[in-house]
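Visitor: Mind looking over this structure? Questions follow.
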Amino acid sequence: MVKKLLKHEFIYYIRSFGLFLPIVLVIAVMARVFRCFDDSNAVNRIMIYSSSMILIVACAALVILSAVIGIVRFYKNMFSAEGYLTFTLPVTNAQHIFVKLLMSIVFEAVCLMVVTAAGAIALSGDALAAFWDGLWQMLRGIDAQIGTGHMVALIIEWILLAVASVVSGMLLFYACITVGQTAKKNRIIKAIGAYFVYYMITQIAGTTFTVSIMMLELNDALTDILEWIVYHPMASMHMFFCGTILLYTGLSAVFWLITQHIMTKKLNLE
């Protein structure tokens, strides 16, 4: 049944993005064609700059749209009138959350790849060659300084951090939407309130962390920590990235449990 749900979600996202994705690529091709024009002419310069701006706006809109559609899809399919049908399926709440989350993340990745491809098309030629050459030189310089092992580990950590961050962010919206559905009225306001509570908690945690750092500085412990970081830069970086990944993973687990608990114990459809 989960495979059927994945197929259904895939069809939904294809219908949602099926037209917009090629439009972005077409705009990228147009921007590349206009870049071939002689920029000494005022009209040509306007066309070049306008096509570039349109491409930037389209790419930004695609990235934002990929997240918004995932959030709206979760709300409509789970808590609107569709929910009466959704929850009659022989699928657990955890599987519902997993399917929604997986397809949302997959299509966010697809949109990001399309944006990358659009940028490559628009910059194709000398500009793109110069970009890749600069990137390659930078990677070679990093490899020479820290070693291949550390560089590969950092790249993996960056990827895991990006995935953990996106998953945590999407599950946060799922949790807020689900909390909002426990209200009899003004569900959207309660969902926004849930997000505001989360924001306040993060601000309090950040303030507490800052105060802790100041206390460490008063006790001269911060000096010892900074000295250790200076003498162990790579270990410090790995610890930072791994710690942040664990933080986002922990937050994702909390948001998942909140969503699943309310869907199981306190389901309140429209």
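FYI, nothing fancy with the structure tokens labels: chains A, B, ... in order, residues from 1 per chain, ligands from 1 as they appear.
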Taking a cut-off of 9 Å and counting only C-alpha atoms, can you build a table that, for each residue of segment 164-238 of chain A near segment 103-113 of chain A, reports the nearest atom pair and how far apart they are in Å (one decimal), sorted by chain then residue number, as a Markdown table?

Guide:
| residue | atom | partner | partner_atom | distance |
| --- | --- | --- | --- | --- |
| A:Val166 | CA | A:Ile105 | CA | 7.5 |
| A:Val167 | CA | A:Ile105 | CA | 7.2 |
| A:Met170 | CA | A:Ser104 | CA | 8.4 |

Visitor: Considering only C-alpha atoms, tabulate each residue of segment 158-197 of chain A that lies at most 12 Å from segment 261-265 of chain A along with its nearest interatomic pair and the corresponding distance in Å to one decimal; arrange the rows by chain and ascending residue number and present them as CSV.

Guide:
residue,atom,partner,partner_atom,distance
A:Tyr174,CA,A:Met263,CA,10.8
A:Ala175,CA,A:Ile262,CA,8.9
A:Cys176,CA,A:Ile262,CA,10.8
A:Ile177,CA,A:Ile262,CA,10.6
A:Thr178,CA,A:Ile262,CA,6.8
A:Val179,CA,A:Ile262,CA,7.2
A:Gly180,CA,A:Ile262,CA,10.2
A:Gln181,CA,A:Ile262,CA,8.9
A:Thr182,CA,A:Ile262,CA,7.9
A:Ala183,CA,A:Ile262,CA,11.7

Visitor: Give the alpha helix (DSSP H) residues of segment 33-190 of chain A, as DSSP finds them on the backbone, and put them as a PyMOL selection string.

Guide: chain A and resi 33-35+42-79+83-86+93-122+126-146+148-180+187-190

Visitor: List the neighbours of Glu9 of chain A out to 10 Å using only C-alpha atoms; skip same-chain residues closer than 4 positions along the sequence, and give me the result as a list of chain:residue names.

Guide: A:Lys3, A:Lys4, A:Leu5, A:Tyr13, A:Ile14, A:Arg15, A:Arg73, A:Val99, A:Lys100, A:Leu102, A:Met103, A:Ser104

Visitor: Would you compute the distance between atom CA of Thr244 of chain A and atom CA of Gly134 of chain A? Give it in Å to one decimal.

Guide: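 For atom CA of Thr244 of chain A relative to atom CA of Gly134 of chain A, the distance reads 28.8 Å.
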
Visitor: In Å to one decimal, how far is atom CA of Pro22 of chain A from atom CA of Ile71 of chain A?

Guide: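 Between atom CA of Ile71 of chain A and atom CA of Pro22 of chain A the gap works out to 22.6 Å.
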
Visitor: In Å, how far is it from atom CA of Ser252 of chain A to atom CA of Leu171 of chain A?

Guide: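 So the two atoms, atom CA of Ser252 of chain A and atom CA of Leu171 of chain A, lie 6.2 Å apart.
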
Visitor: Which residues are near Leu21 of chain A? Cut-off 9 Å, only C-alpha atoms, ignore same chain within fewer than 3 positions. Put them as a list in words.

Guide: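 So the residues in contact are Phe17, Gly18, Val24, Leu25, Val26, Leu62, Cys111, Val114 and Val115 of chain A.
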
Visitor: Emit the selected residues as a PDB file, in the first residue's frame, including all heavy atoms.

Guide:
ATOM      1  N   PHE A  17       4.425  20.235 -10.809  1.00  0.00           N
ATOM      2  CA  PHE A  17       5.664  20.827 -11.324  1.00  0.00           C
ATOM      3  C   PHE A  17       5.884  20.560 -12.806  1.00  0.00           C
ATOM      4  O   PHE A  17       6.819  21.104 -13.388  1.00  0.00           O
ATOM      5  CB  PHE A  17       6.870  20.264 -10.561  1.00  0.00           C
ATOM      6  CG  PHE A  17       6.967  20.724  -9.138  1.00  0.00           C
ATOM      7  CD1 PHE A  17       6.547  19.914  -8.103  1.00  0.00           C
ATOM      8  CD2 PHE A  17       7.481  21.969  -8.830  1.00  0.00           C
ATOM      9  CE1 PHE A  17       6.637  20.331  -6.790  1.00  0.00           C
ATOM     10  CE2 PHE A  17       7.580  22.396  -7.525  1.00  0.00           C
ATOM     11  CZ  PHE A  17       7.155  21.576  -6.497  1.00  0.00           C
ATOM     12  N   GLY A  18       5.049  19.702 -13.395  1.00  0.00           N
ATOM     13  CA  GLY A  18       5.302  19.265 -14.763  1.00  0.00           C
ATOM     14  C   GLY A  18       5.428  20.387 -15.764  1.00  0.00           C
ATOM     15  O   GLY A  18       6.209  20.290 -16.710  1.00  0.00           O
ATOM     16  N   VAL A  24      11.253  26.915 -16.601  1.00  0.00           N
ATOM     17  CA  VAL A  24      12.496  27.464 -16.050  1.00  0.00           C
ATOM     18  C   VAL A  24      13.665  27.164 -16.978  1.00  0.00           C
ATOM     19  O   VAL A  24      14.524  28.022 -17.229  1.00  0.00           O
ATOM     20  CB  VAL A  24      12.756  26.887 -14.646  1.00  0.00           C
ATOM     21  CG1 VAL A  24      14.135  27.309 -14.140  1.00  0.00           C
ATOM     22  CG2 VAL A  24      11.679  27.353 -13.671  1.00  0.00           C
ATOM     23  N   LEU A  25      13.701  25.956 -17.520  1.00  0.00           N
ATOM     24  CA  LEU A  25      14.783  25.589 -18.442  1.00  0.00           C
ATOM     25  C   LEU A  25      14.700  26.389 -19.738  1.00  0.00           C
ATOM     26  O   LEU A  25      15.730  26.792 -20.295  1.00  0.00           O
ATOM     27  CB  LEU A  25      14.734  24.091 -18.734  1.00  0.00           C
ATOM     28  CG  LEU A  25      14.998  23.171 -17.534  1.00  0.00           C
ATOM     29  CD1 LEU A  25      14.845  21.709 -17.939  1.00  0.00           C
ATOM     30  CD2 LEU A  25      16.392  23.427 -16.960  1.00  0.00           C
ATOM     31  N   VAL A  26      13.491  26.633 -20.222  1.00  0.00           N
ATOM     32  CA  VAL A  26      13.314  27.451 -21.431  1.00  0.00           C
ATOM     33  C   VAL A  26      13.804  28.877 -21.181  1.00  0.00           C
ATOM     34  O   VAL A  26      14.474  29.484 -22.032  1.00  0.00           O
ATOM     35  CB  VAL A  26      11.843  27.444 -21.881  1.00  0.00           C
ATOM     36  CG1 VAL A  26      11.612  28.491 -22.974  1.00  0.00           C
ATOM     37  CG2 VAL A  26      11.445  26.071 -22.388  1.00  0.00           C
ATOM     38  N   LEU A  62      10.802  28.749  -7.961  1.00  0.00           N
ATOM     39  CA  LEU A  62      10.737  27.289  -8.020  1.00  0.00           C
ATOM     40  C   LEU A  62      11.173  26.663  -6.704  1.00  0.00           C
ATOM     41  O   LEU A  62      10.549  25.717  -6.211  1.00  0.00           O
ATOM     42  CB  LEU A  62      11.616  26.782  -9.164  1.00  0.00           C
ATOM     43  CG  LEU A  62      11.640  25.267  -9.374  1.00  0.00           C
ATOM     44  CD1 LEU A  62      10.229  24.748  -9.683  1.00  0.00           C
ATOM     45  CD2 LEU A  62      12.604  24.892 -10.499  1.00  0.00           C
ATOM     46  N   CYS A 111      13.844  20.072  -7.894  1.00  0.00           N
ATOM     47  CA  CYS A 111      13.790  21.503  -8.215  1.00  0.00           C
ATOM     48  C   CYS A 111      15.171  22.141  -8.093  1.00  0.00           C
ATOM     49  O   CYS A 111      15.547  22.994  -8.910  1.00  0.00           O
ATOM     50  CB  CYS A 111      12.797  22.207  -7.295  1.00  0.00           C
ATOM     51  SG  CYS A 111      11.070  21.787  -7.614  1.00  0.00           S
ATOM     52  N   VAL A 114      17.114  21.213 -11.131  1.00  0.00           N
ATOM     53  CA  VAL A 114      16.661  21.995 -12.283  1.00  0.00           C
ATOM     54  C   VAL A 114      17.230  23.414 -12.222  1.00  0.00           C
ATOM     55  O   VAL A 114      17.665  23.963 -13.245  1.00  0.00           O
ATOM     56  CB  VAL A 114      15.126  22.028 -12.342  1.00  0.00           C
ATOM     57  CG1 VAL A 114      14.638  23.034 -13.382  1.00  0.00           C
ATOM     58  CG2 VAL A 114      14.571  20.653 -12.655  1.00  0.00           C
ATOM     59  N   VAL A 115      17.240  23.999 -11.026  1.00  0.00           N
ATOM     60  CA  VAL A 115      17.818  25.336 -10.860  1.00  0.00           C
ATOM     61  C   VAL A 115      19.311  25.312 -11.206  1.00  0.00           C
ATOM     62  O   VAL A 115      19.816  26.223 -11.885  1.00  0.00           O
ATOM     63  CB  VAL A 115      17.604  25.827  -9.420  1.00  0.00           C
ATOM     64  CG1 VAL A 115      18.457  27.070  -9.135  1.00  0.00           C
ATOM     65  CG2 VAL A 115      16.136  26.138  -9.172  1.00  0.00           C
TER      66      VAL A 115
END

Visitor: With only C-alpha atoms as the atoms that count, which of A:Met30, A:Ile229, A:Leu246, A:Ala61 lies nearest to Met47 of chain A?

Guide: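 Looking only at the distances to Met47 of chain A, the closest residue turns out to be A:Met30.
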
Visitor: Neighbouring residues of segment 156-165 of chain A were defined as those with any atom within 8 Å, considering only C-alpha atoms; residues of the same chain fewer than 4 positions away were excluded. Please report them as a PyMOL selection string.

Guide: chain A and resi 152+169+238+241-242+244-245+248-249+252

Visitor: Next, write the just-selected residues to a file, as a short mmCIF file (atom, residue, chain, number, x, y, z; two decimals), in the first residue's frame, keeping N, CA and C atoms as the atom set.

Guide:
data_model
loop_
_atom_site.label_atom_id
_atom_site.label_comp_id
_atom_site.auth_asym_id
_atom_site.auth_seq_id
_atom_site.Cartn_x
_atom_site.Cartn_y
_atom_site.Cartn_z
N VAL A 152 36.79 14.72 1.87
CA VAL A 152 35.67 13.83 1.57
C VAL A 152 34.71 13.77 2.75
N GLY A 169 13.15 21.09 8.89
CA GLY A 169 12.28 22.22 8.56
C GLY A 169 10.91 21.78 8.09
N HIS A 238 34.80 18.91 12.27
CA HIS A 238 34.03 17.67 12.23
C HIS A 238 33.06 17.60 13.41
N PHE A 241 30.08 20.03 12.66
CA PHE A 241 29.13 19.53 11.68
C PHE A 241 28.35 18.32 12.22
N CYS A 242 29.06 17.39 12.84
CA CYS A 242 28.38 16.21 13.38
C CYS A 242 27.40 16.60 14.49
N THR A 244 25.83 19.48 14.78
CA THR A 244 24.68 20.14 14.16
C THR A 244 23.76 19.14 13.49
N ILE A 245 24.36 18.13 12.84
CA ILE A 245 23.55 17.07 12.23
C ILE A 245 22.73 16.34 13.28
N TYR A 248 19.79 18.60 14.41
CA TYR A 248 18.67 18.59 13.47
C TYR A 248 17.96 17.24 13.46
N THR A 249 18.73 16.16 13.62
CA THR A 249 18.12 14.83 13.67
C THR A 249 17.23 14.70 14.90
N SER A 252 14.11 16.68 14.35
CA SER A 252 13.23 15.97 13.41
C SER A 252 12.45 14.88 14.13
#
